[in-house]
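S.K.: Next comes final-v8.cif, mmCIF, C-alpha atoms:
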data_coords
loop_
_atom_site.label_atom_id
_atom_site.label_comp_id
_atom_site.auth_asym_id
_atom_site.auth_seq_id
_atom_site.Cartn_x
_atom_site.Cartn_y
_atom_site.Cartn_z
CA MET A 412 114.59 88.69 37.93
CA LYS A 413 111.81 88.98 40.44
CA THR A 414 114.12 87.74 43.22
CA VAL A 415 116.72 90.34 42.29
CA THR A 416 114.13 93.14 42.43
CA THR A 417 112.94 91.93 45.81
CA LEU A 418 116.49 91.81 47.07
CA ILE A 419 117.19 95.34 45.90
CA PHE A 420 113.94 96.49 47.47
CA LEU A 421 114.88 94.84 50.75
CA LEU A 422 118.30 96.43 50.68
CA PHE A 423 116.74 99.82 50.14
CA VAL A 424 114.27 99.33 52.96
CA SER A 425 116.88 98.21 55.48
CA ALA A 426 119.25 101.00 54.46
CA SER A 427 116.61 103.69 54.94
CA ALA A 428 115.46 102.12 58.21
CA SER A 429 118.93 102.39 59.68
CA ALA A 430 119.26 105.97 58.43
CA ALA A 431 116.10 106.85 60.37
CA GLU A 432 117.50 105.36 63.57
CA PRO A 433 117.31 107.93 66.37
CA GLU A 434 120.51 108.95 68.08
CA GLY A 435 121.69 106.76 70.89
CA VAL A 436 119.83 103.65 69.80
CA PRO A 437 122.18 100.73 69.18
CA PRO A 438 122.34 98.98 65.81
CA PRO A 439 119.41 96.71 64.89
CA PRO A 440 119.44 93.33 66.63
CA GLU A 441 121.91 90.95 65.14
CA ALA A 442 122.07 87.20 65.68
CA TYR A 443 123.43 86.60 69.20
CA CYS A 444 126.75 84.73 69.08
CA LYS A 445 127.04 82.08 71.74
CA TRP A 446 130.27 82.23 73.70
CA GLU A 447 131.95 79.89 76.12
CA MET A 448 133.33 80.67 79.54
CA THR A 449 136.47 78.79 80.57
CA ASN A 450 138.15 79.38 83.90
CA TYR A 451 136.32 82.69 84.39
CA SER A 452 137.34 84.02 81.00
CA ILE A 453 136.15 83.94 77.38
CA PRO A 454 139.17 82.91 75.30
CA SER A 455 137.56 83.12 71.83
CA PRO A 456 136.58 86.48 70.29
CA LEU A 457 132.80 86.97 69.93
CA CYS A 458 131.55 85.65 66.56
CA GLY A 459 135.24 85.18 65.63
CA LEU A 460 135.60 88.96 65.07
CA LYS A 461 138.82 90.96 65.29
CA GLY A 462 138.85 94.10 67.43
CA ASP A 463 140.10 97.56 66.41
CA ALA A 464 141.74 99.43 69.32
CA VAL A 465 141.33 102.87 67.73
CA ARG A 466 137.59 102.35 67.30
CA GLY A 467 137.50 100.93 70.82
CA GLU A 468 138.93 104.10 72.33
CA LYS A 469 136.10 106.11 70.74
CA LEU A 470 133.48 103.63 72.00
CA VAL A 471 134.57 103.78 75.64
CA SER A 472 133.99 107.54 75.84
CA ASP A 473 130.88 107.68 73.62
CA ALA A 474 127.95 108.31 75.98
CA ALA A 475 125.55 106.53 73.63
CA LYS A 476 127.82 103.48 73.25
CA GLY A 477 130.18 102.00 75.82
CA ASN A 478 130.24 105.07 78.07
CA CYS A 479 132.79 103.24 80.23
CA LEU A 480 134.02 106.49 81.74
CA ALA A 481 130.61 107.18 83.23
CA CYS A 482 131.87 104.84 85.97
CA HIS A 483 135.59 104.14 85.32
CA GLU A 484 138.58 106.43 85.15
CA LEU A 485 140.48 105.95 81.89
CA PRO A 486 143.71 107.49 80.58
CA ILE A 487 141.96 109.57 77.89
CA LYS A 488 142.79 113.23 77.37
CA GLY A 489 140.22 116.02 77.41
CA VAL A 490 137.61 114.28 79.56
CA GLU A 491 135.87 116.68 81.94
CA ALA A 492 134.73 114.21 84.55
CA TYR A 493 135.04 110.48 85.15
CA GLY A 494 132.78 108.37 87.27
CA THR A 495 134.06 107.03 90.59
CA ILE A 496 131.83 103.97 90.93
CA ALA A 497 134.15 101.41 89.41
CA PRO A 498 137.90 100.72 89.50
CA PRO A 499 140.21 102.90 87.35
CA LEU A 500 141.27 101.08 84.19
CA SER A 501 144.76 102.51 83.66
CA GLY A 502 147.16 99.58 83.32
CA ILE A 503 144.29 97.06 83.30
CA ALA A 504 146.04 94.98 80.62
CA ASN A 505 148.86 94.32 83.09
CA ARG A 506 146.36 92.86 85.52
CA LEU A 507 143.93 90.95 83.30
CA SER A 508 144.36 88.88 80.15
CA GLU A 509 142.35 89.54 77.00
CA ALA A 510 140.17 86.50 77.76
CA GLN A 511 139.50 87.74 81.30
CA LEU A 512 138.67 91.22 80.04
CA ARG A 513 136.24 89.73 77.55
CA LEU A 514 134.17 88.03 80.25
CA ARG A 515 134.04 91.26 82.26
CA VAL A 516 132.82 93.32 79.32
CA VAL A 517 130.43 90.63 78.04
CA ASP A 518 128.72 89.94 81.39
CA SER A 519 130.59 90.58 84.61
CA ARG A 520 127.83 88.95 86.61
CA HIS A 521 129.49 85.59 86.02
CA LEU A 522 132.07 86.89 88.48
CA ASN A 523 129.76 88.82 90.79
CA PRO A 524 126.00 88.15 90.58
CA ASN A 525 125.24 91.50 92.23
CA SER A 526 127.58 93.56 90.06
CA ILE A 527 126.29 96.98 89.04
CA MET A 528 128.23 96.71 85.78
CA PRO A 529 125.94 96.23 82.78
CA GLY A 530 126.60 93.17 80.64
CA PHE A 531 127.55 94.67 77.31
CA TYR A 532 126.94 91.40 75.52
CA ARG A 533 124.53 89.79 77.94
CA ASP A 534 122.13 87.26 76.49
CA PRO A 535 119.12 89.43 75.43
CA SER A 536 116.68 86.76 76.62
CA LEU A 537 117.82 87.49 80.21
CA ILE A 538 116.92 91.19 80.08
CA ASN A 539 113.92 92.20 82.21
CA ARG A 540 111.56 94.77 80.57
CA PRO A 541 113.74 96.01 77.72
CA GLY A 542 112.53 99.39 76.45
CA LYS A 543 110.69 99.68 73.14
CA GLY A 544 113.18 99.18 70.34
CA TYR A 545 115.68 97.43 72.61
CA GLU A 546 114.08 93.98 72.58
CA GLY A 547 116.44 91.23 71.44
CA ARG A 548 119.39 93.60 71.50
CA THR A 549 122.67 93.50 73.31
CA PHE A 550 124.00 96.73 74.82
CA LEU A 551 126.88 96.73 72.33
CA ALA A 552 127.27 94.83 69.07
CA ALA A 553 129.78 91.96 69.10
CA GLN A 554 132.17 94.03 66.96
CA ASP A 555 131.96 96.94 69.44
CA VAL A 556 132.79 94.60 72.33
CA GLU A 557 135.82 93.25 70.47
CA ASP A 558 136.94 96.82 69.68
CA VAL A 559 136.66 97.80 73.36
CA ILE A 560 138.65 94.72 74.40
CA ALA A 561 141.34 95.54 71.81
CA TYR A 562 141.54 99.07 73.27
CA LEU A 563 141.68 97.83 76.88
CA GLY A 564 144.53 95.51 75.78
CA THR A 565 146.61 98.61 74.99
CA LEU A 566 146.34 99.94 78.58
CA LYS A 567 149.69 98.67 79.82
CA MET B 819 106.19 86.54 84.05
CA LYS B 820 109.62 88.01 83.44
CA TYR B 821 109.19 90.11 86.57
CA HIS B 822 108.50 87.02 88.64
CA LEU B 823 111.39 85.22 87.00
CA ALA B 824 113.74 88.05 87.88
CA LEU B 825 112.47 88.11 91.46
CA SER B 826 112.81 84.38 91.94
CA LEU B 827 116.29 84.45 90.41
CA LEU B 828 117.25 87.09 92.93
CA VAL B 829 115.87 85.02 95.78
CA MET B 830 117.64 81.88 94.51
CA ALA B 831 120.92 83.70 94.17
CA GLY B 832 120.60 84.73 97.82
CA VAL B 833 121.93 88.11 96.82
CA ALA B 834 123.03 90.29 99.70
CA TRP B 835 121.64 93.77 99.16
CA ALA B 836 122.69 97.02 100.64
CA ASP B 837 119.92 98.41 102.83
CA ALA B 838 118.37 101.81 102.36
CA PRO B 839 121.06 104.33 103.29
CA LYS B 840 121.02 105.64 106.86
CA PRO B 841 120.70 108.37 107.82
CA ALA B 842 118.38 109.48 105.03
CA LYS B 843 119.83 112.55 103.30
CA SER B 844 117.93 114.86 101.01
CA GLY B 845 118.98 115.13 97.38
CA TYR B 846 119.83 118.72 98.34
CA GLU B 847 123.02 117.42 99.92
CA PHE B 848 124.11 115.72 96.70
CA VAL B 849 123.55 118.48 94.14
CA LYS B 850 126.13 121.13 93.31
CA GLU B 851 126.43 124.26 95.41
CA GLU B 852 125.04 126.48 92.64
CA THR B 853 122.03 124.17 92.35
CA ARG B 854 121.37 124.52 96.06
CA ALA B 855 121.65 128.30 95.75
CA MET B 856 119.14 128.20 92.89
CA GLN B 857 116.69 126.18 94.96
CA ASP B 858 117.02 128.48 97.95
CA ASP B 859 116.25 131.65 95.99
CA GLU B 860 112.52 131.82 95.20
CA PHE B 861 113.18 134.24 92.34
CA GLN B 862 115.75 131.96 90.73
CA ASN B 863 114.11 128.63 91.44
CA PRO B 864 112.11 127.76 88.29
CA GLY B 865 109.92 125.46 90.39
CA PHE B 866 108.14 128.53 91.72
CA ILE B 867 106.72 129.16 88.25
CA ALA B 868 104.92 125.82 88.68
CA VAL B 869 103.84 126.84 92.20
CA GLU B 870 102.26 130.03 90.80
CA GLN B 871 100.61 128.18 87.90
CA GLY B 872 99.26 125.70 90.41
CA ARG B 873 97.96 128.51 92.60
CA GLU B 874 96.01 129.95 89.65
CA LEU B 875 94.58 126.55 88.69
CA PHE B 876 93.62 125.97 92.32
CA ALA B 877 91.54 129.15 92.28
CA SER B 878 90.11 128.88 88.75
CA LYS B 879 86.43 128.03 88.62
CA PRO B 880 85.30 125.37 86.12
CA ALA B 881 81.78 125.25 84.60
CA SER B 882 80.47 123.62 87.81
CA GLY B 883 81.53 126.75 89.68
CA LYS B 884 83.48 124.66 92.16
CA SER B 885 87.21 125.33 92.26
CA CYS B 886 89.73 123.54 94.51
CA GLY B 887 89.61 126.65 96.66
CA SER B 888 85.81 126.37 97.07
CA CYS B 889 86.37 123.44 99.44
CA HIS B 890 89.99 123.85 100.54
CA GLY B 891 89.99 127.61 101.08
CA ASP B 892 91.76 130.39 99.20
CA ASP B 893 95.32 129.29 98.47
CA GLY B 894 94.51 125.98 100.14
CA LYS B 895 94.36 127.51 103.62
CA LYS B 896 92.10 124.72 104.86
CA LEU B 897 94.44 121.95 103.73
CA GLU B 898 96.23 120.22 106.61
CA VAL B 899 99.99 120.21 106.08
CA LYS B 900 100.26 117.11 108.28
CA SER B 901 97.89 115.27 105.93
CA LEU B 902 99.79 116.47 102.85
CA ALA B 903 103.00 115.06 104.32
CA ARG B 904 101.34 111.62 104.53
CA TYR B 905 101.14 111.14 100.76
CA PRO B 906 101.12 108.66 99.08
CA ILE B 907 98.42 107.23 101.36
CA TYR B 908 96.42 104.03 101.57
CA ASP B 909 92.82 104.87 100.71
CA LYS B 910 90.47 102.42 102.41
CA ALA B 911 87.47 103.28 100.21
CA LEU B 912 89.46 102.84 97.00
CA GLY B 913 91.40 99.88 98.38
CA GLY B 914 94.81 101.03 97.22
CA ILE B 915 97.57 103.60 97.13
CA VAL B 916 96.56 107.15 96.26
CA ARG B 917 99.28 109.63 95.32
CA LEU B 918 98.87 113.36 95.63
CA ASP B 919 98.29 113.80 91.89
CA ASP B 920 95.77 110.93 91.97
CA ARG B 921 93.94 112.75 94.77
CA ILE B 922 93.90 116.00 92.79
CA ASN B 923 92.43 114.25 89.76
CA ILE B 924 89.86 112.39 91.88
CA CYS B 925 88.77 115.75 93.36
CA ARG B 926 88.62 117.30 89.92
CA GLU B 927 86.36 114.57 88.64
CA LYS B 928 84.14 114.05 91.69
CA GLN B 929 83.93 117.58 93.07
CA SER B 930 84.58 119.97 90.20
CA GLY B 931 82.96 117.78 87.54
CA GLU B 932 85.97 118.19 85.27
CA LYS B 933 87.96 115.70 83.25
CA PRO B 934 91.12 114.53 85.04
CA PHE B 935 94.35 116.08 83.79
CA PRO B 936 96.58 113.67 81.87
CA ALA B 937 99.49 112.19 83.84
CA TYR B 938 102.61 114.39 83.76
CA SER B 939 100.69 117.27 82.13
CA LYS B 940 101.92 120.76 83.03
CA GLU B 941 98.62 121.49 84.78
CA LEU B 942 98.63 118.40 86.97
CA LEU B 943 102.30 118.86 87.88
CA ALA B 944 101.68 122.52 88.69
CA LEU B 945 98.74 121.69 90.96
CA GLU B 946 100.69 118.95 92.70
CA THR B 947 103.66 121.29 93.15
CA PHE B 948 101.47 124.07 94.57
CA VAL B 949 99.69 121.76 97.00
CA ARG B 950 102.81 119.93 98.15
CA HIS B 951 104.60 123.26 98.58
CA LEU B 952 101.97 124.18 101.19
CA ALA B 953 103.66 121.57 103.40
CA VAL B 954 107.20 122.83 102.79
CA GLY B 955 109.38 122.22 105.87
CA GLU B 956 107.04 119.53 107.20
CA PRO B 957 108.73 116.13 107.61
CA VAL B 958 107.64 113.45 105.13
CA ASN B 959 105.46 111.02 107.07
CA VAL B 960 104.28 108.13 104.91
CA GLN B 961 102.35 105.48 106.82
CA THR B 962 104.49 102.37 107.26
CA ASP B 963 102.16 100.14 109.26
CA GLY B 964 98.69 98.68 108.63
CA GLU B 965 97.82 98.11 104.99
CA MET B 966 100.84 100.12 103.87
CA ALA B 967 103.36 97.68 105.41
CA GLY B 968 102.78 94.96 102.84
CA LEU B 969 102.54 97.42 99.96
CA LEU B 970 105.83 99.09 100.89
CA LYS B 971 107.49 95.68 101.04
CA LYS B 972 106.30 95.05 97.47
CA GLY B 973 107.66 98.43 96.48
CA GLU B 974 110.99 97.58 98.09
CA ASP B 975 111.13 94.32 96.13
CA LEU B 976 110.61 96.26 92.89
CA TYR B 977 113.33 98.69 93.98
CA LYS B 978 115.76 95.78 93.90
CA VAL B 979 114.77 94.30 90.54
CA ARG B 980 117.00 94.92 87.54
CA PHE B 981 115.33 96.60 84.59
CA GLY B 982 116.22 97.26 80.98
CA LEU B 983 119.23 96.81 78.78
CA ILE B 984 121.48 98.55 81.32
CA ASP B 985 120.07 96.02 83.72
CA MET B 986 120.33 97.85 87.02
CA SER B 987 117.91 98.16 89.89
CA CYS B 988 117.18 101.40 91.74
CA ALA B 989 119.14 99.91 94.67
CA HIS B 990 122.28 99.41 92.60
CA CYS B 991 122.82 103.15 92.37
CA HIS B 992 120.89 104.68 95.23
CA ASP B 993 121.66 102.17 98.00
CA SER B 994 125.14 101.02 97.03
CA TYR B 995 126.74 104.16 95.58
CA PRO B 996 125.20 107.40 96.88
CA GLY B 997 127.90 110.08 97.03
CA GLN B 998 129.86 108.53 94.15
CA PHE B 999 130.00 110.12 90.73
CA ILE B 1000 128.53 109.07 87.40
CA ARG B 1001 130.56 111.30 85.11
CA GLY B 1002 130.18 114.70 86.78
CA GLN B 1003 126.98 113.98 88.70
CA LYS B 1004 126.84 112.77 92.28
CA ILE B 1005 124.50 109.85 92.87
CA SER B 1006 121.87 110.69 95.50
CA GLN B 1007 119.93 108.39 97.80
CA GLY B 1008 116.96 108.79 95.47
CA GLN B 1009 114.84 110.56 98.10
CA GLY B 1010 111.37 111.91 97.29
CA ASN B 1011 111.13 114.86 99.72
CA GLY B 1012 112.00 117.52 97.12
CA PHE B 1013 109.45 116.38 94.55
CA PRO B 1014 107.77 117.62 92.49
CA ALA B 1015 111.10 119.21 91.63
CA TYR B 1016 112.52 121.27 88.80
CA ARG B 1017 115.04 119.14 86.90
CA LEU B 1018 118.06 120.82 85.35
CA ASP B 1019 118.53 117.84 83.02
CA THR B 1020 115.11 118.15 81.36
CA GLY B 1021 114.37 121.80 82.14
CA GLU B 1022 110.95 120.72 83.40
CA MET B 1023 109.11 119.75 86.55
CA ALA B 1024 108.93 116.10 87.52
CA ASN B 1025 107.04 114.36 90.29
CA VAL B 1026 108.36 111.13 91.80
CA ASP B 1027 106.51 108.99 89.27
CA LEU B 1028 107.84 110.92 86.28
CA ARG B 1029 111.33 110.79 87.78
CA ILE B 1030 111.09 107.00 88.05
CA LYS B 1031 109.95 106.85 84.45
CA GLN B 1032 112.91 109.01 83.38
CA CYS B 1033 115.32 106.75 85.29
CA LEU B 1034 113.85 103.60 83.74
CA THR B 1035 114.07 105.13 80.27
CA LEU B 1036 117.73 105.89 80.95
CA MET B 1037 118.15 102.21 81.84
CA ARG B 1038 116.69 101.50 78.38
CA ALA B 1039 113.81 99.79 80.16
CA GLU B 1040 110.11 99.93 79.39
CA PRO B 1041 108.69 102.30 82.02
CA PHE B 1042 105.52 101.40 83.90
CA ALA B 1043 102.30 103.14 82.93
CA PRO B 1044 101.50 106.13 85.19
CA ASP B 1045 98.55 104.33 86.79
CA ALA B 1046 100.19 100.87 86.93
CA GLU B 1047 100.32 99.22 90.34
CA GLU B 1048 104.13 99.02 90.02
CA SER B 1049 104.34 102.82 89.66
CA LYS B 1050 102.30 103.32 92.82
CA LEU B 1051 104.26 100.73 94.81
CA LEU B 1052 107.65 102.11 93.79
CA GLY B 1053 106.56 105.71 94.34
CA ALA B 1054 105.16 104.96 97.79
CA TYR B 1055 108.24 103.00 98.83
CA ILE B 1056 110.58 105.75 97.61
CA MET B 1057 108.63 108.42 99.51
CA SER B 1058 108.55 106.25 102.64
CA ARG B 1059 112.36 106.13 102.57
CA SER B 1060 112.21 109.90 102.93
CA ASN B 1061 110.21 109.77 106.17
CA GLY B 1062 111.60 112.41 108.50
CA LEU B 1063 113.18 114.50 105.75
CA LYS B 1064 111.67 117.94 105.36
CA ILE B 1065 109.53 118.58 102.30
CA GLU B 1066 111.46 120.88 99.93
CA THR B 1067 108.96 121.18 97.08
CA PRO B 1068 109.84 122.69 94.68
CA ALA B 1069 113.42 121.42 94.93
CA VAL B 1070 115.97 121.86 92.15
CA ARG B 1071 117.61 118.60 91.16
CA TYR B 1072 119.84 117.38 88.37
#
Let's see the structure in the file written out as structure tokens.
M.R.:
Amino acid sequence: MKTVTTLIFLLFVSASASAAEPEGVPPPPEAYCKWEMTNYSIPSPLCGLKGDAVRGEKLVSDAAKGNCLACHELPIKGVEAYGTIAPPLSGIANRLSEAQLRLRVVDSRHLNPNSIMPGFYRDPSLINRPGKGYEGRTFLAAQDVEDVIAYLGTLK
Amino acid sequence: MKYHLALSLLVMAGVAWADAPKPAKSGYEFVKEETRAMQDDEFQNPGFIAVEQGRELFASKPASGKSCGSCHGDDGKKLEVKSLARYPIYDKALGGIVRLDDRINICREKQSGEKPFPAYSKELLALETFVRHLAVGEPVNVQTDGEMAGLLKKGEDLYKVRFGLIDMSCAHCHDSYPGQFIRGQKISQGQGNGFPAYRLDTGEMANVDLRIKQCLTLMRAEPFAPDAEESKLLGAYIMSRSNGLKIETPAVRY
């Protein structure tokens, strides 16, 4: 009985903590899923998750989430201004496989050590001076990364 | 520890970095036309509110009876614009970098017998803006030899270290991509000659140090404390990159 009460209490606490999360702060740290790079790609989905392309399209234009279009041009309607730092992503799925896209979104520095592109699922222990509240976090959650990859896979 | 790790990783990787952009171009050349027009019109430029606030503070007499103007003349007439353009400077007596706002607070404490203003407070920013504005049009002229040489090199190293969850260095944007767009905003060379400046993004004044802090926060990094050595090194290096550019304080920047 006591265990059940504690569990309910814990549930309540974690639920209210996430409700109080300020805007723009990513979800609380989750266990980091190890991934394996093969031939400059990551063939297996992160944590074995399945991506949702519709959710992914929202993530890439959400300034507090992926914000891909801060730097990349994407074929999304109603966007006022795209960044011009990085290559346009229209038709990217014709050029790169899902596994290759995954490595680029997870941590493109495995391809170019000096890349300006943030690693969206970079190992948190490699981050220098994370801000308060960002310790132990990845830029995007594993599910978000898989959603973005699913969306990018539709750009043919 | 992590800082050293990051540095040594960079060295090991033998990363080829873009150098500071040449020629140096003021942020004025990267902002939108309407922003430039706003800066150029004293009645529209909100930075002049800070200049006027600073002018009043400069003249106001504390309990000791000694205002800034008591030593430096009414409206700072006795201040040398050539000396103002040297900041941040190496102070031999203090054995380190002194920024203009540091100097103002040192004066306040030692000469006026007042408590220093908190970092980034409206008052301190207003005083810094007023004083720096006295040297408007004067080329930035940070010392690059002597004791400053080694300190600027340290600042340059910090400029190239990645920080925060977004994991970029200052150099990634301001050396590699000036002139390119992040969404609708053009990336500048990160020059210091317009600062303290009025920022459209925050609707407030920022000096170089506050601007660095705002950039680091955007990188989801832990900013350095205002009086941390890293803040002074980065600030001095950034201003030294602006050597030769005319002081525009108060500039209007995004």
S.K.: Report the residues retrieved by the PyMOL selection byres ((chain B and resi 938) around 8) from the displayed file, expressed as a ChimeraX atom specification.
M.R.: /B:936-937,939-940,942-943,1024-1025,1028
S.K.: Which of these residues is nearest to chain A, using all atoms listed in the file: B:Arg1038, B:Lys850, B:Lys1050, B:Arg950?
M.R.: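 The closest residue to chain A is B:Arg1038.
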S.K.: Determine which residues of chain A sit within 12 Å of chain B, taking into account only C-alpha atoms, and present them as a CSV table (one decimal) with C-alpha atoms, keeping the file's coordinate frame.
M.R.:
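The result, written out as result_13.csv:
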chain,number,residue,atom,x,y,z
A,435,GLY,CA,121.7,106.8,70.9
A,436,VAL,CA,119.8,103.6,69.8
A,437,PRO,CA,122.2,100.7,69.2
A,472,SER,CA,134.0,107.5,75.8
A,474,ALA,CA,128.0,108.3,76.0
A,475,ALA,CA,125.6,106.5,73.6
A,476,LYS,CA,127.8,103.5,73.2
A,477,GLY,CA,130.2,102.0,75.8
A,478,ASN,CA,130.2,105.1,78.1
A,479,CYS,CA,132.8,103.2,80.2
A,480,LEU,CA,134.0,106.5,81.7
A,481,ALA,CA,130.6,107.2,83.2
A,482,CYS,CA,131.9,104.8,86.0
A,483,HIS,CA,135.6,104.1,85.3
A,484,GLU,CA,138.6,106.4,85.2
A,485,LEU,CA,140.5,106.0,81.9
A,490,VAL,CA,137.6,114.3,79.6
A,491,GLU,CA,135.9,116.7,81.9
A,492,ALA,CA,134.7,114.2,84.6
A,493,TYR,CA,135.0,110.5,85.2
A,494,GLY,CA,132.8,108.4,87.3
A,495,THR,CA,134.1,107.0,90.6
A,496,ILE,CA,131.8,104.0,90.9
A,497,ALA,CA,134.2,101.4,89.4
A,518,ASP,CA,128.7,89.9,81.4
A,519,SER,CA,130.6,90.6,84.6
A,520,ARG,CA,127.8,89.0,86.6
A,521,HIS,CA,129.5,85.6,86.0
A,523,ASN,CA,129.8,88.8,90.8
A,524,PRO,CA,126.0,88.2,90.6
A,525,ASN,CA,125.2,91.5,92.2
A,526,SER,CA,127.6,93.6,90.1
A,527,ILE,CA,126.3,97.0,89.0
A,528,MET,CA,128.2,96.7,85.8
A,529,PRO,CA,125.9,96.2,82.8
A,530,GLY,CA,126.6,93.2,80.6
A,531,PHE,CA,127.6,94.7,77.3
A,532,TYR,CA,126.9,91.4,75.5
A,533,ARG,CA,124.5,89.8,77.9
A,534,ASP,CA,122.1,87.3,76.5
A,535,PRO,CA,119.1,89.4,75.4
A,536,SER,CA,116.7,86.8,76.6
A,537,LEU,CA,117.8,87.5,80.2
A,538,ILE,CA,116.9,91.2,80.1
A,539,ASN,CA,113.9,92.2,82.2
A,540,ARG,CA,111.6,94.8,80.6
A,541,PRO,CA,113.7,96.0,77.7
A,542,GLY,CA,112.5,99.4,76.4
A,543,LYS,CA,110.7,99.7,73.1
A,544,GLY,CA,113.2,99.2,70.3
A,545,TYR,CA,115.7,97.4,72.6
A,546,GLU,CA,114.1,94.0,72.6
A,547,GLY,CA,116.4,91.2,71.4
A,548,ARG,CA,119.4,93.6,71.5
A,549,THR,CA,122.7,93.5,73.3
A,550,PHE,CA,124.0,96.7,74.8
A,551,LEU,CA,126.9,96.7,72.3
S.K.: Quick one: apply the PyMOL selection byres ((chain B and resi 945) around 8) to the file and drop the selected residues here as a list in words.
M.R.: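 Against this file, the PyMOL selection byres ((chain B and resi 945) around 8) returns the residues Ala868, Val869, Gln871, Gly872, Arg873, Leu875, Phe876, Asp919, Ile922, Glu941, Leu942, Leu943, Ala944, Glu946, Thr947, Phe948 and Val949 of chain B.
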S.K.: Write out as a ChimeraX atom specification which residues come within 12 Å of Leu970 of chain B when counting all atoms listed in the file, dropping same-chain ones fewer than 3 positions away.
M.R.: /B:906-908,914-915,960-967,973-977,1047-1059
S.K.: What do you get, as a PyMOL selection string, if you spell out every residue that the PyMOL selection byres ((chain B and resi 883-896) around 12) selects here?
M.R.: chain B and resi 869-882+897-902+921-932+945-946+948-953
S.K.: Pick the closest to Tyr443 of chain A from A:Leu566, A:Val559, A:Leu512, A:Ala552: which is it, counting all atoms listed in the file?
M.R.: A:Ala552
S.K.: So how many Å separate atom CA of Lys1064 of chain B and atom CA of Phe1013 of chain B, to one decimal?
M.R.: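 Computed distance, atom CA of Lys1064 of chain B to atom CA of Phe1013 of chain B, equals 11.1 Å.
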S.K.: So how many Å separate atom CA of Met448 of chain A and atom CA of Val517 of chain A, to one decimal?
M.R.: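 Computing the Euclidean distance for atom CA of Met448 of chain A and atom CA of Val517 of chain A yields 10.5 Å.
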S.K.: Any idea what the distance is between atom CA of Glu509 of chain A and atom CA of Ile560 of chain A?
M.R.: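 Atom-to-atom, atom CA of Glu509 of chain A and atom CA of Ile560 of chain A are spaced 6.9 Å apart.
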S.K.: Restricting the calculation to all atoms listed in the file, which member of B:Gln1032, B:Asn959, B:Gln857, B:Ser1006 is positioned closest to Thr1067 of chain B?
M.R.: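 Looking at the shortest contact to Thr1067 of chain B, the residue is B:Gln857.
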S.K.: Got a sec: who's within 8 Å of Ser455 of chain A, counting only C-alpha atoms, leaving out chain neighbours fewer than 4 positions off, as a list in words?
M.R.: Trp446, Glu447, Gly459 and Ala510 of chain A
S.K.: Specify the axis-aligned box that encloses all atoms of segment 538-542 of chain A listed in the file after padding of 5 Å on each side, stating its centre and edge lengths in Å to one decimal as AutoDock Vina command-line options.
M.R.:
--center_x 114.2 --center_y 95.3 --center_z 79.3 --size_x 15.4 --size_y 18.2 --size_z 15.8
